[in-house]
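Student: Supplied structure: coords.txt, compact mmCIF, C-alpha atoms.
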# COMPACT_ATOMS: atom_id res chain seq x y z
CA MET H 1400 8.79 3.93 -14.36
CA LEU H 1401 7.92 7.53 -15.26
CA PRO H 1402 8.05 9.74 -12.18
CA ILE H 1403 8.19 12.99 -14.13
CA LEU H 1404 6.62 13.96 -17.44
CA GLN H 1405 8.51 16.96 -18.75
CA VAL H 1406 6.19 19.13 -20.86
CA GLY H 1407 8.23 22.17 -21.89
CA PRO H 1408 9.08 24.00 -18.65
CA LEU H 1409 6.53 21.95 -16.67
CA ALA H 1410 7.69 18.91 -14.68
CA ILE H 1411 4.48 16.96 -14.07
CA GLN H 1412 4.69 14.52 -11.14
CA MET H 1413 3.03 11.44 -12.62
CA PRO H 1414 2.40 9.53 -9.35
CA GLY H 1415 0.50 12.53 -7.99
CA LEU H 1416 -1.41 12.87 -11.26
CA PHE H 1417 -2.56 9.22 -11.09
CA LEU H 1418 -3.69 9.68 -7.48
CA LEU H 1419 -5.55 12.87 -8.39
CA ALA H 1420 -7.27 11.07 -11.26
CA GLY H 1421 -8.18 8.25 -8.84
CA VAL H 1422 -9.77 10.69 -6.40
CA TRP H 1423 -11.72 12.32 -9.23
CA VAL H 1424 -13.04 8.93 -10.41
CA ALA H 1425 -13.85 8.00 -6.79
CA VAL H 1426 -15.87 11.19 -6.24
CA SER H 1427 -17.75 10.66 -9.54
CA LEU H 1428 -18.58 7.03 -8.69
CA THR H 1429 -19.67 7.96 -5.16
CA ASP H 1430 -21.95 10.70 -6.56
CA ARG H 1431 -23.46 8.10 -8.84
CA GLU H 1432 -23.92 5.47 -6.14
CA ALA H 1433 -25.28 7.75 -3.40
CA PRO H 1434 -28.97 7.82 -4.51
CA ARG H 1435 -29.14 3.99 -4.57
CA HIS H 1436 -28.27 4.07 -0.86
CA SER H 1437 -30.79 6.90 -0.18
CA LEU H 1438 -27.97 9.35 0.47
CA LYS H 1439 -27.52 12.91 -0.75
CA ALA H 1440 -24.62 12.99 -3.23
CA SER H 1441 -23.66 16.55 -2.22
CA VAL H 1442 -23.22 15.60 1.46
CA LEU H 1443 -21.12 12.59 0.51
CA SER H 1444 -18.94 14.71 -1.80
CA ASN H 1445 -18.43 17.13 1.09
CA VAL H 1446 -17.28 14.27 3.32
CA ILE H 1447 -14.58 13.38 0.77
CA LEU H 1448 -13.63 17.03 0.18
CA ILE H 1449 -13.38 17.83 3.90
CA GLY H 1450 -11.31 14.68 4.50
CA LEU H 1451 -8.91 15.66 1.69
CA VAL H 1452 -8.55 19.35 2.58
CA VAL H 1453 -8.14 18.75 6.32
CA GLY H 1454 -5.81 15.82 5.57
CA ILE H 1455 -3.47 17.91 3.37
CA LEU H 1456 -3.47 20.98 5.61
CA SER H 1457 -2.92 18.98 8.79
CA ALA H 1458 -0.17 16.91 7.12
CA ARG H 1459 1.74 20.19 6.64
CA LEU H 1460 0.99 21.38 10.19
CA TRP H 1461 2.16 18.07 11.72
CA TYR H 1462 5.37 18.37 9.65
CA VAL H 1463 5.87 21.97 10.78
CA MET H 1464 5.46 20.92 14.40
CA ARG H 1465 8.10 18.19 13.93
CA PHE H 1466 10.61 20.78 12.65
CA LEU H 1467 9.31 23.83 14.49
CA GLU H 1468 12.78 25.38 14.93
CA VAL H 1469 13.35 25.56 11.16
CA TYR H 1470 9.91 27.01 10.45
CA LEU H 1471 10.29 29.65 13.18
CA ASP H 1472 13.33 30.89 11.22
CA SER H 1473 11.32 30.96 7.99
CA PRO H 1474 7.55 31.07 8.78
CA VAL H 1475 6.53 31.80 5.18
CA SER H 1476 7.78 28.32 4.17
CA VAL H 1477 4.72 26.85 5.88
CA LEU H 1478 2.84 27.88 2.71
CA SER H 1479 5.23 26.07 0.32
CA LEU H 1480 3.58 23.87 -2.31
CA ASN H 1481 6.29 21.22 -2.00
CA PRO H 1482 4.68 17.83 -1.28
CA SER H 1483 7.84 16.49 0.34
CA THR H 1484 7.24 18.58 3.48
CA LEU H 1485 4.15 16.70 4.63
CA ALA H 1486 3.61 14.18 7.42
CA PRO H 1487 1.43 11.72 5.43
CA LEU H 1488 0.34 9.30 8.16
CA GLU H 1489 -0.62 11.96 10.69
CA GLY H 1490 -2.37 13.95 7.92
CA ALA H 1491 -4.34 10.90 6.74
CA LEU H 1492 -5.52 10.13 10.28
CA THR H 1493 -6.56 13.75 10.94
CA GLY H 1494 -8.36 13.92 7.56
CA LEU H 1495 -10.17 10.66 8.32
CA PHE H 1496 -11.21 11.94 11.73
CA ALA H 1497 -12.53 15.19 10.19
CA ALA H 1498 -14.49 13.28 7.52
CA VAL H 1499 -16.02 10.92 10.10
CA TYR H 1500 -16.92 13.83 12.39
CA TYR H 1501 -18.56 15.75 9.51
CA GLY H 1502 -20.51 12.65 8.45
CA TYR H 1503 -21.61 12.09 12.05
CA ARG H 1504 -22.77 15.71 12.38
CA LYS H 1505 -24.73 15.40 9.13
CA GLY H 1506 -26.38 12.22 10.39
CA LEU H 1507 -24.98 9.98 7.64
CA PRO H 1508 -25.69 6.29 8.34
CA LEU H 1509 -22.35 4.42 8.59
CA TRP H 1510 -22.86 1.27 6.50
CA PRO H 1511 -24.81 2.76 3.55
CA THR H 1512 -22.24 5.59 3.38
CA LEU H 1513 -19.34 3.13 3.26
CA ASP H 1514 -21.16 1.00 0.66
CA ALA H 1515 -21.74 4.06 -1.54
CA MET H 1516 -18.03 4.89 -1.35
CA THR H 1517 -16.83 1.35 -2.03
CA PRO H 1518 -16.67 1.39 -5.88
CA GLY H 1519 -14.75 4.68 -5.59
CA LEU H 1520 -12.34 3.18 -3.05
CA ALA H 1521 -11.80 0.21 -5.37
CA ALA H 1522 -10.99 2.66 -8.19
CA VAL H 1523 -8.49 4.46 -5.94
CA GLY H 1524 -6.80 1.05 -5.46
CA ILE H 1525 -6.07 0.94 -9.22
CA ALA H 1526 -4.79 4.55 -9.12
CA VAL H 1527 -2.44 3.72 -6.23
CA GLY H 1528 -1.02 0.81 -8.26
CA LEU H 1529 -0.52 3.07 -11.29
CA SER H 1530 1.19 5.68 -9.11
CA HIS H 1531 3.55 2.94 -7.88
CA ILE H 1532 4.34 2.00 -11.48
CA ALA H 1533 5.17 5.66 -12.18
CA SER H 1534 7.28 6.21 -9.07
CA GLY H 1535 8.90 2.76 -8.74
CA ASP H 1536 7.67 2.51 -5.13
CA ALA H 1537 6.32 -0.75 -3.65
CA PHE H 1538 8.99 -2.54 -5.70
CA GLY H 1539 9.53 -6.28 -5.96
CA ALA H 1540 12.16 -8.66 -4.68
CA GLU H 1541 14.99 -9.74 -6.96
CA THR H 1542 14.12 -12.63 -9.26
CA GLY H 1543 15.31 -14.39 -12.39
CA LEU H 1544 11.79 -15.00 -13.74
CA PRO H 1545 11.26 -14.24 -17.45
CA TRP H 1546 8.75 -11.46 -16.68
CA SER H 1547 11.05 -9.69 -14.21
CA ILE H 1548 11.71 -5.99 -14.79
CA GLU H 1549 14.90 -4.02 -14.26
CA LEU H 1550 14.35 -1.58 -11.44
CA TRP H 1551 16.59 0.01 -8.80
CA GLY H 1552 19.72 -1.78 -9.96
CA ALA H 1553 18.33 -5.34 -10.18
CA GLN H 1554 15.91 -7.65 -12.02
CA ARG H 1555 12.77 -7.62 -9.86
CA HIS H 1556 9.22 -8.94 -9.61
CA PRO H 1557 6.92 -6.36 -11.27
CA THR H 1558 4.89 -6.09 -8.05
CA GLN H 1559 3.40 -2.77 -9.14
CA ILE H 1560 1.86 -4.55 -12.15
CA TYR H 1561 0.59 -7.39 -9.92
CA GLU H 1562 -0.94 -4.67 -7.75
CA VAL H 1563 -2.76 -3.01 -10.66
CA LEU H 1564 -4.04 -6.36 -11.95
CA ALA H 1565 -5.32 -7.36 -8.49
CA ALA H 1566 -6.93 -3.94 -7.96
CA GLY H 1567 -8.56 -4.22 -11.40
CA ILE H 1568 -10.05 -7.62 -10.54
CA ILE H 1569 -11.27 -6.31 -7.17
CA PHE H 1570 -12.89 -3.29 -8.86
CA TRP H 1571 -14.60 -5.57 -11.40
CA LEU H 1572 -15.94 -7.89 -8.67
CA ILE H 1573 -17.21 -4.96 -6.58
CA TRP H 1574 -18.80 -3.21 -9.57
CA LYS H 1575 -20.45 -6.39 -10.88
CA ASN H 1576 -21.91 -7.40 -7.51
CA ARG H 1577 -22.73 -4.00 -6.03
CA ARG H 1578 -26.51 -4.41 -6.50
CA GLN H 1579 -26.73 -7.95 -5.10
CA VAL H 1580 -25.45 -7.49 -1.56
CA PRO H 1581 -27.44 -9.19 1.23
CA ALA H 1582 -26.98 -6.45 3.86
CA SER H 1583 -25.91 -2.89 4.29
CA GLY H 1584 -22.14 -2.71 4.82
CA PHE H 1585 -21.51 -6.06 3.13
CA LEU H 1586 -20.07 -4.49 -0.04
CA PHE H 1587 -17.59 -2.41 1.95
CA LEU H 1588 -16.45 -5.36 4.07
CA ALA H 1589 -16.11 -7.49 0.91
CA TRP H 1590 -13.82 -4.81 -0.56
CA VAL H 1591 -11.71 -4.69 2.62
CA ALA H 1592 -11.46 -8.51 2.61
CA LEU H 1593 -10.43 -8.64 -1.06
CA SER H 1594 -7.89 -5.86 -0.57
CA ALA H 1595 -6.38 -7.63 2.47
CA LEU H 1596 -6.23 -10.89 0.50
CA SER H 1597 -4.49 -9.13 -2.39
CA ARG H 1598 -1.92 -7.53 -0.04
CA LEU H 1599 -1.34 -10.87 1.72
CA ALA H 1600 -0.60 -12.51 -1.64
CA ILE H 1601 1.46 -9.76 -3.32
CA GLU H 1602 3.51 -8.82 -0.26
CA ALA H 1603 5.32 -12.16 -0.65
CA PHE H 1604 6.98 -10.80 -3.81
CA ARG H 1605 7.86 -7.34 -2.45
CA GLY H 1606 11.44 -6.23 -1.98
CA ASP H 1607 10.69 -3.49 0.56
CA SER H 1608 8.71 -5.32 3.25
CA VAL H 1609 9.06 -4.32 6.87
CA ILE H 1610 10.12 -7.44 8.77
CA ALA H 1611 9.00 -8.47 12.28
CA PHE H 1612 9.92 -11.43 14.49
CA GLY H 1613 13.11 -12.08 12.52
CA SER H 1614 11.68 -12.98 9.12
CA LEU H 1615 7.91 -12.33 8.90
CA ARG H 1616 6.47 -9.56 6.75
CA THR H 1617 4.41 -7.20 8.92
CA ALA H 1618 1.99 -6.29 6.11
CA GLN H 1619 1.11 -9.97 5.72
CA LEU H 1620 0.53 -10.39 9.46
CA ALA H 1621 -1.71 -7.31 9.49
CA SER H 1622 -3.54 -8.48 6.34
CA VAL H 1623 -4.36 -11.93 7.70
CA MET H 1624 -5.70 -10.40 10.94
CA VAL H 1625 -7.83 -7.86 9.03
CA LEU H 1626 -9.06 -10.64 6.74
CA ALA H 1627 -10.17 -12.83 9.68
CA MET H 1628 -11.95 -9.93 11.43
CA VAL H 1629 -13.69 -8.72 8.28
CA LEU H 1630 -14.85 -12.20 7.24
CA ALA H 1631 -16.28 -12.66 10.74
CA GLY H 1632 -17.92 -9.22 10.45
CA MET H 1633 -19.57 -10.22 7.16
CA HIS H 1634 -21.32 -13.08 8.96
CA PHE H 1635 -22.61 -10.80 11.71
CA LEU H 1636 -24.07 -8.44 9.07
CA VAL H 1637 -26.17 -11.16 7.43
CA ARG H 1638 -26.90 -13.68 10.21
CA PRO H 1639 -30.58 -14.29 10.92
CA GLN H 1640 -31.74 -12.08 13.80
CA ALA H 1641 -33.14 -13.80 16.88
CA PRO H 1642 -36.82 -12.88 17.39
CA ASP H 1643 -37.36 -10.02 19.84
CA PRO H 1644 -38.82 -11.56 23.05
CA ARG H 1645 -40.81 -8.34 23.77
CA ARG H 1646 -42.88 -8.86 20.64
CA MET E 531 -30.64 -16.43 -1.66
CA SER E 532 -27.34 -17.03 -3.46
CA LYS E 533 -25.03 -19.93 -2.52
CA PHE E 534 -22.45 -17.45 -1.22
CA GLU E 535 -25.00 -15.66 0.93
CA SER E 536 -26.24 -18.93 2.46
CA LEU E 537 -22.60 -19.87 3.17
CA VAL E 538 -21.97 -16.56 4.98
CA ARG E 539 -25.21 -16.93 7.00
CA ASP E 540 -24.31 -20.43 8.23
CA PRO E 541 -22.12 -19.98 11.34
CA ILE E 542 -20.58 -23.47 11.14
CA ARG E 543 -19.69 -23.49 7.45
CA TRP E 544 -18.60 -19.83 7.42
CA GLY E 545 -16.56 -20.32 10.60
CA ALA E 546 -14.79 -23.25 8.92
CA THR E 547 -14.19 -21.10 5.82
CA VAL E 548 -12.66 -18.27 7.88
CA LEU E 549 -10.49 -20.76 9.75
CA GLY E 550 -9.38 -22.27 6.44
CA VAL E 551 -8.49 -18.83 5.07
CA VAL E 552 -6.48 -17.98 8.20
CA VAL E 553 -4.60 -21.33 8.08
CA LEU E 554 -3.81 -20.90 4.37
CA GLY E 555 -2.75 -17.30 5.07
CA ALA E 556 -0.43 -18.48 7.86
CA ILE E 557 1.10 -21.10 5.53
CA TRP E 558 1.60 -18.44 2.83
CA ILE E 559 3.25 -16.12 5.38
CA ALA E 560 5.56 -18.96 6.48
CA VAL E 561 6.46 -19.83 2.88
CA SER E 562 7.22 -16.21 1.98
CA GLN E 563 9.33 -15.30 5.02
CA VAL E 564 12.74 -13.78 4.36
CA PRO E 565 15.60 -12.45 6.45
CA ALA E 566 15.31 -8.71 7.14
CA SER E 567 18.41 -7.94 5.06
CA ALA E 568 16.79 -9.37 1.90
CA THR E 569 13.97 -6.84 1.71
CA THR E 570 15.82 -3.56 1.76
CA GLY E 571 17.94 -1.86 -0.85
CA GLY E 572 20.93 -3.22 1.08
CA ALA E 573 24.16 -2.39 -0.61
CA ILE E 574 22.69 -1.89 -4.08
CA PRO E 575 23.52 1.60 -5.35
CA SER E 576 20.41 3.19 -6.82
CA PRO E 577 19.01 6.74 -6.80
CA ARG E 578 16.16 5.91 -4.48
CA GLU E 579 15.22 6.35 -0.86
CA GLY E 580 16.61 3.47 1.23
CA PHE E 581 19.36 2.57 -1.27
CA LEU E 582 23.06 3.36 -1.28
CA ALA E 583 23.71 6.62 -3.15
CA PRO E 584 25.56 5.83 -6.41
CA ASP E 585 29.18 6.85 -5.90
CA PHE E 586 31.00 9.30 -8.17
CA THR E 587 34.27 11.15 -8.44
CA LEU E 588 34.22 14.49 -10.24
CA GLU E 589 36.41 17.54 -10.69
CA THR E 590 35.40 21.00 -9.51
CA LEU E 591 35.98 24.16 -11.58
CA GLN E 592 39.12 24.73 -9.51
CA GLY E 593 40.52 21.34 -10.58
CA GLU E 594 40.05 19.64 -7.19
CA THR E 595 38.65 16.12 -7.06
CA VAL E 596 35.66 15.19 -4.92
CA THR E 597 34.32 11.68 -4.21
CA LEU E 598 30.89 11.19 -2.66
CA SER E 599 31.86 8.10 -0.63
CA ASP E 600 34.70 10.09 1.04
CA LEU E 601 31.98 12.07 2.81
CA ARG E 602 30.63 9.12 4.83
CA GLY E 603 29.88 10.20 8.37
CA LYS E 604 28.45 13.52 7.20
CA ALA E 605 25.00 14.62 6.08
CA VAL E 606 25.32 15.22 2.32
CA VAL E 607 22.98 16.97 -0.10
CA VAL E 608 23.59 16.05 -3.76
CA ASN E 609 21.86 18.64 -5.95
CA LEU E 610 21.86 18.32 -9.75
CA TRP E 611 21.49 21.65 -11.55
CA ALA E 612 22.27 23.73 -14.64
CA SER E 613 22.67 27.49 -15.01
CA TRP E 614 19.85 27.80 -17.59
CA CYS E 615 17.27 26.06 -15.37
CA PRO E 616 14.90 28.62 -13.72
CA PRO E 617 13.90 26.50 -10.67
CA CYS E 618 17.62 25.77 -10.07
CA ARG E 619 18.23 29.52 -9.94
CA ALA E 620 15.28 29.94 -7.61
CA GLU E 621 16.46 27.36 -5.06
CA MET E 622 20.20 28.15 -4.97
CA PRO E 623 19.90 30.94 -2.36
CA ALA E 624 17.99 28.50 -0.12
CA LEU E 625 20.74 25.87 -0.54
CA GLN E 626 23.39 28.45 0.32
CA ALA E 627 21.42 29.59 3.40
CA ALA E 628 20.96 25.97 4.57
CA TYR E 629 24.70 25.37 4.08
CA GLU E 630 25.61 28.42 6.13
CA ALA E 631 23.20 27.36 8.88
CA ASP E 632 24.33 23.73 9.19
CA ARG E 633 27.88 23.35 7.78
CA GLY E 634 29.28 23.52 11.31
CA ARG E 635 27.11 20.57 12.33
CA GLY E 636 28.35 18.23 9.59
CA LEU E 637 26.47 19.26 6.43
CA GLU E 638 28.15 19.01 3.02
CA ILE E 639 26.52 20.10 -0.23
CA LEU E 640 27.65 18.75 -3.60
CA ALA E 641 25.83 20.84 -6.19
CA VAL E 642 26.72 18.95 -9.37
CA ASP E 643 26.54 21.14 -12.48
CA MET E 644 25.21 19.24 -15.52
CA THR E 645 28.14 20.61 -17.53
CA TYR E 646 27.37 18.33 -20.49
CA GLN E 647 24.16 20.36 -20.96
CA ASP E 648 25.68 23.65 -19.75
CA THR E 649 28.89 25.66 -20.28
CA GLU E 650 31.62 26.16 -17.70
CA GLN E 651 31.53 29.94 -18.27
CA ASP E 652 27.78 30.10 -17.57
CA ALA E 653 28.22 27.86 -14.50
CA LEU E 654 31.01 30.12 -13.19
CA ARG E 655 28.88 33.27 -13.72
CA PHE E 656 26.03 31.52 -11.88
CA ILE E 657 28.30 30.59 -8.93
CA GLU E 658 29.59 34.18 -8.67
CA GLU E 659 26.13 35.70 -9.04
CA PHE E 660 24.77 33.71 -6.07
CA GLY E 661 28.01 33.74 -4.03
CA LEU E 662 27.95 29.95 -3.61
CA THR E 663 30.52 28.60 -1.15
CA PHE E 664 29.74 24.87 -1.18
CA THR E 665 31.44 22.31 -3.46
CA ILE E 666 30.39 22.42 -7.11
CA PRO E 667 31.58 19.38 -9.09
CA MET E 668 31.23 19.39 -12.87
CA ASP E 669 29.48 16.47 -14.63
CA ARG E 670 31.22 16.93 -17.99
CA ASP E 671 30.15 13.67 -19.67
CA GLY E 672 26.74 13.04 -18.06
CA THR E 673 27.94 10.13 -15.88
CA VAL E 674 26.21 11.36 -12.72
CA ALA E 675 23.06 12.26 -14.69
CA ARG E 676 22.89 8.63 -15.89
CA GLN E 677 23.71 7.17 -12.46
CA TYR E 678 20.98 9.25 -10.83
CA LEU E 679 18.43 8.60 -13.66
CA LEU E 680 18.08 12.36 -14.14
CA ARG E 681 14.62 13.23 -15.46
CA ALA E 682 14.08 16.80 -14.28
CA LEU E 683 16.26 19.66 -13.09
CA PRO E 684 16.84 20.34 -10.32
CA SER E 685 16.91 16.93 -8.59
CA THR E 686 18.10 16.63 -5.01
CA PHE E 687 19.21 13.58 -3.03
CA PHE E 688 19.68 13.70 0.73
CA VAL E 689 22.40 11.19 1.64
CA GLY E 690 22.73 10.15 5.28
CA PRO E 691 25.99 9.54 7.17
CA ASP E 692 25.88 5.84 6.18
CA GLY E 693 25.75 6.72 2.46
CA VAL E 694 22.08 5.70 2.16
CA ILE E 695 19.62 8.07 0.49
CA THR E 696 17.05 9.33 2.99
CA LYS E 697 15.00 11.56 0.69
CA VAL E 698 14.66 12.37 -3.01
CA VAL E 699 13.16 15.63 -4.25
CA ILE E 700 12.62 15.75 -7.99
CA GLY E 701 11.95 19.20 -9.42
CA GLY E 702 11.98 22.47 -7.56
CA PRO E 703 12.46 25.05 -6.32
CA MET E 704 12.80 23.70 -2.79
CA SER E 705 12.25 26.16 0.02
CA GLU E 706 14.92 26.67 2.66
CA ALA E 707 12.62 24.92 5.13
CA THR E 708 12.35 21.84 2.88
CA ILE E 709 16.13 21.61 2.70
CA ARG E 710 16.74 22.30 6.37
CA THR E 711 14.09 19.87 7.68
CA ASN E 712 15.52 17.05 5.58
CA VAL E 713 19.06 17.98 6.62
CA GLN E 714 17.91 18.08 10.25
CA ALA E 715 16.55 14.53 9.94
CA MET E 716 19.99 13.38 8.67
CA LEU E 717 21.92 15.34 11.29
CA ASP E 718 19.83 13.63 13.96
CA GLU E 719 21.46 10.34 12.86
CA LEU E 720 24.96 11.66 13.58
CA PRO E 721 26.52 10.44 16.83
Here is the file; what I need is its structure written in the form of C-alpha cells.

Tutor:
Amino acid sequence: MLPILQVGPLAIQMPGLFLLAGVWVAVSLTDREAPRHSLKASVLSNVILIGLVVGILSARLWYVMRFLEVYLDSPVSVLSLNPSTLAPLEGALTGLFAAVYYGYRKGLPLWPTLDAMTPGLAAVGIAVGLSHIASGDAFGAETGLPWSIELWGAQRHPTQIYEVLAAGIIFWLIWKNRRQVPASGFLFLAWVALSALSRLAIEAFRGDSVIAFGSLRTAQLASVMVLAMVLAGMHFLVRPQAPDPRR
Amino acid sequence: MSKFESLVRDPIRWGATVLGVVVLGAIWIAVSQVPASATTGGAIPSPREGFLAPDFTLETLQGETVTLSDLRGKAVVVNLWASWCPPCRAEMPALQAAYEADRGRGLEILAVDMTYQDTEQDALRFIEEFGLTFTIPMDRDGTVARQYLLRALPSTFFVGPDGVITKVVIGGPMSEATIRTNVQAMLDELP
C-alpha cells in the first residue's frame, strides 16, 4: 500500500496517479482503434474528454448542492481542488450522460464506438486494480493463507492483486481477439461479461462487501445478472437473421 | 467460423451454456455467503474509513490528558500536524473556523502535534499565532503517527459518534467547506 509518494514538498496521491495513467492509456488505445471501426479518432477523444470534464465538474456541483448551507457561507470553496469534496456516483452518471449525448449529436454509431473503446476500458480495469493496491481499498477478508497480506490490522486476501491479475488476463484476451469478432458490439459485450465474471469470482474473497438478504454479497448478485443478460445479448448480436419477407 | 462463434450462434447450445454459467454463479454465491458483520471493519482499529479509529491517550501542552475514546457520542476531527509544515499552516484557520461554527453542536477537534518531529516551543508559537482554541495533544514519541500510518502532513480523520472513521483526508490544505461538509455528515448521525 502506497497512498502517498512524498517527493520533497509534494505529496503525490498514487491512486489518482494510476487512474490518470489508465485514462491516458485508454485515450491512446481508443485513438489507435478508431480507424479500424471507421470512426474519427478526434470525435471519439472528445467523447471521453467531455465525459471526464462534465463528470468532474458535476461531481463537485452535486456535492455543493448536498451541503449548500456550508457553501453559501464560503462560496469560493466551490473552486477547491480537494478531491474529497466530490459526489462520485452522481458525477459519473452525469458525465456518462453528457458523453452519450455528445456522441449521439455527432452521429456516432453505438456498437462500433463501444468496440473501439473496449481495449481502453480493459486497460482502465488494470489501472483501477493498481489504484486499489496503492490505496488499500477493495480489501480482502481475513485469512490464514500463506499468501495473505497484512492490511488494516489483519492478515487478508490480497484481493487487489487478484483484481490486477484478472484485469490483466481480460486485457490480454480482448487485445488478442479484437480483430476476430463476429459482429459489431461483440467485443464490448465480451469485455462486460469477462469483467462481471471476474467480479463474481473475486468478490467472494473481499472483506468489504455490501450484504443483502442476510448473507449474500450484492456485487455478486449484480454480476451474475449482468453476466446472464450480456451472454444473451452476445447471441442476439450474431444470430442468423431471418430473411426479409418483402424481398 | 470459429468453434466459439458457432456456439454463440446456436440458440440451444448457447442457451444451455448461459444457464450453466448462471447455475454455477448461483452456487458460487451460495458458497461465498457470509454474515453482514464479517465483511466490515467491525471492531478492528485501523486508520481507514469504516474502521474503528485507533485509540490514544496523550498530554496537551497544559499537562491535561485527553483520550479519543472518551469522546464517543461526539463528532471528532483528528488532525495530525507540525508547525514546520506549510499546508498545516494553511489549513489551521479553516479548522478553527469550523470549530467555532460547530462546537456547540457536538464537534471536538483533536489537532495532534507531531512533537517527535517538532519542538514544543515552535508548536506553542504556532498555537498562539493562529489563536487556536481546540484541544492540541502532543505526540512526543510518535505513537499516534505509527497508529495512524502517517505518510503525509497534514492528515485528517473524521471520527463519527460511534468511534468509526467516516472520512480520511491525506494531505492538505483542506478548505473550510471540506471540513464543515464532513463534520456536517457526522453531526447528522447524532441523535

Student: Considering only C-alpha atoms, extract the chain E residues located within 8 Å of chain H and return them as JSON, numbers by chain.

Tutor: {"E": [535, 538, 539, 540, 541, 544, 545, 548, 549, 551, 552, 555, 556, 558, 559, 560, 562, 563, 564, 565, 566, 568, 569, 570, 571, 574, 575, 576, 577, 578, 681, 682, 699, 701, 704, 705, 706, 707, 708, 710, 711]}

Student: In Å, rounded to a single decimal, give me how far atom CA of Ala1486 of chain H is from atom CA of Met1464 of chain H.

Tutor: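 A separation of 9.9 Å between them.
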
Student: Figure out the distance between atom CA of Leu1586 of chain H and atom CA of Ser1437 of chain H, please, to one decimal in Å.

Tutor: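 Between atom CA of Ser1437 of chain H and atom CA of Leu1586 of chain H the gap works out to 15.6 Å.
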
Student: As a list of chain:residue names, please: the residues near Trp1571 of chain H (cut-off 12 Å, only C-alpha atoms, same-chain neighbours under 4 positions excluded).

Tutor: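 Neighbouring residues, sequence-local ones excluded: H:Thr1517, H:Pro1518, H:Gly1519, H:Ala1521, H:Ala1522, H:Gly1524, H:Ile1525, H:Leu1564, H:Ala1565, H:Ala1566, H:Gly1567, H:Lys1575, H:Asn1576, H:Arg1577, H:Trp1590, H:Leu1593.
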
Student: I need the residues from that last selection saved to file as a compact mmCIF listing (two decimals), in the coordinates of the input (with C-alpha atoms), if you can.

Tutor:
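Written out: part-v1.txt:
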# COMPACT_ATOMS: atom_id res chain seq x y z
CA THR H 1517 -16.83 1.35 -2.03
CA PRO H 1518 -16.67 1.39 -5.88
CA GLY H 1519 -14.75 4.68 -5.59
CA ALA H 1521 -11.80 0.21 -5.37
CA ALA H 1522 -10.99 2.66 -8.19
CA GLY H 1524 -6.80 1.05 -5.46
CA ILE H 1525 -6.07 0.94 -9.22
CA LEU H 1564 -4.04 -6.36 -11.95
CA ALA H 1565 -5.32 -7.36 -8.49
CA ALA H 1566 -6.93 -3.94 -7.96
CA GLY H 1567 -8.56 -4.22 -11.40
CA LYS H 1575 -20.45 -6.39 -10.88
CA ASN H 1576 -21.91 -7.40 -7.51
CA ARG H 1577 -22.73 -4.00 -6.03
CA TRP H 1590 -13.82 -4.81 -0.56
CA LEU H 1593 -10.43 -8.64 -1.06

Student: At what distance in Å, to one decimal, does atom CA of Asp643 of chain E lie from atom CA of Trp614 of chain E?

Tutor: 10.7 Å

Student: Write out as an MDAnalysis selection string which residues come within 12 Å of Val1422 of chain H when counting all atoms listed in the file, dropping same-chain ones fewer than 3 positions away.

Tutor: chainID H and resid 1415:1419 1425:1429 1444 1447:1448 1450:1451 1516 1518:1527

Student: Out of H:Ala1515, H:Gln1640, H:Glu1489, H:Ile1560, which residue has the shortest atom-to-atom distance to Ile1548 of chain H when counting all atoms listed in the file?

Tutor: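 Comparing H:Ala1515, H:Gln1640, H:Glu1489, H:Ile1560 against Ile1548 of chain H, the winner is H:Ile1560.
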
Student: Find the residue from E:Leu717, E:Leu640, E:Ala628, E:Leu591 that sits nearest to Leu654 of chain E; use only C-alpha atoms when measuring.

Tutor: E:Leu591
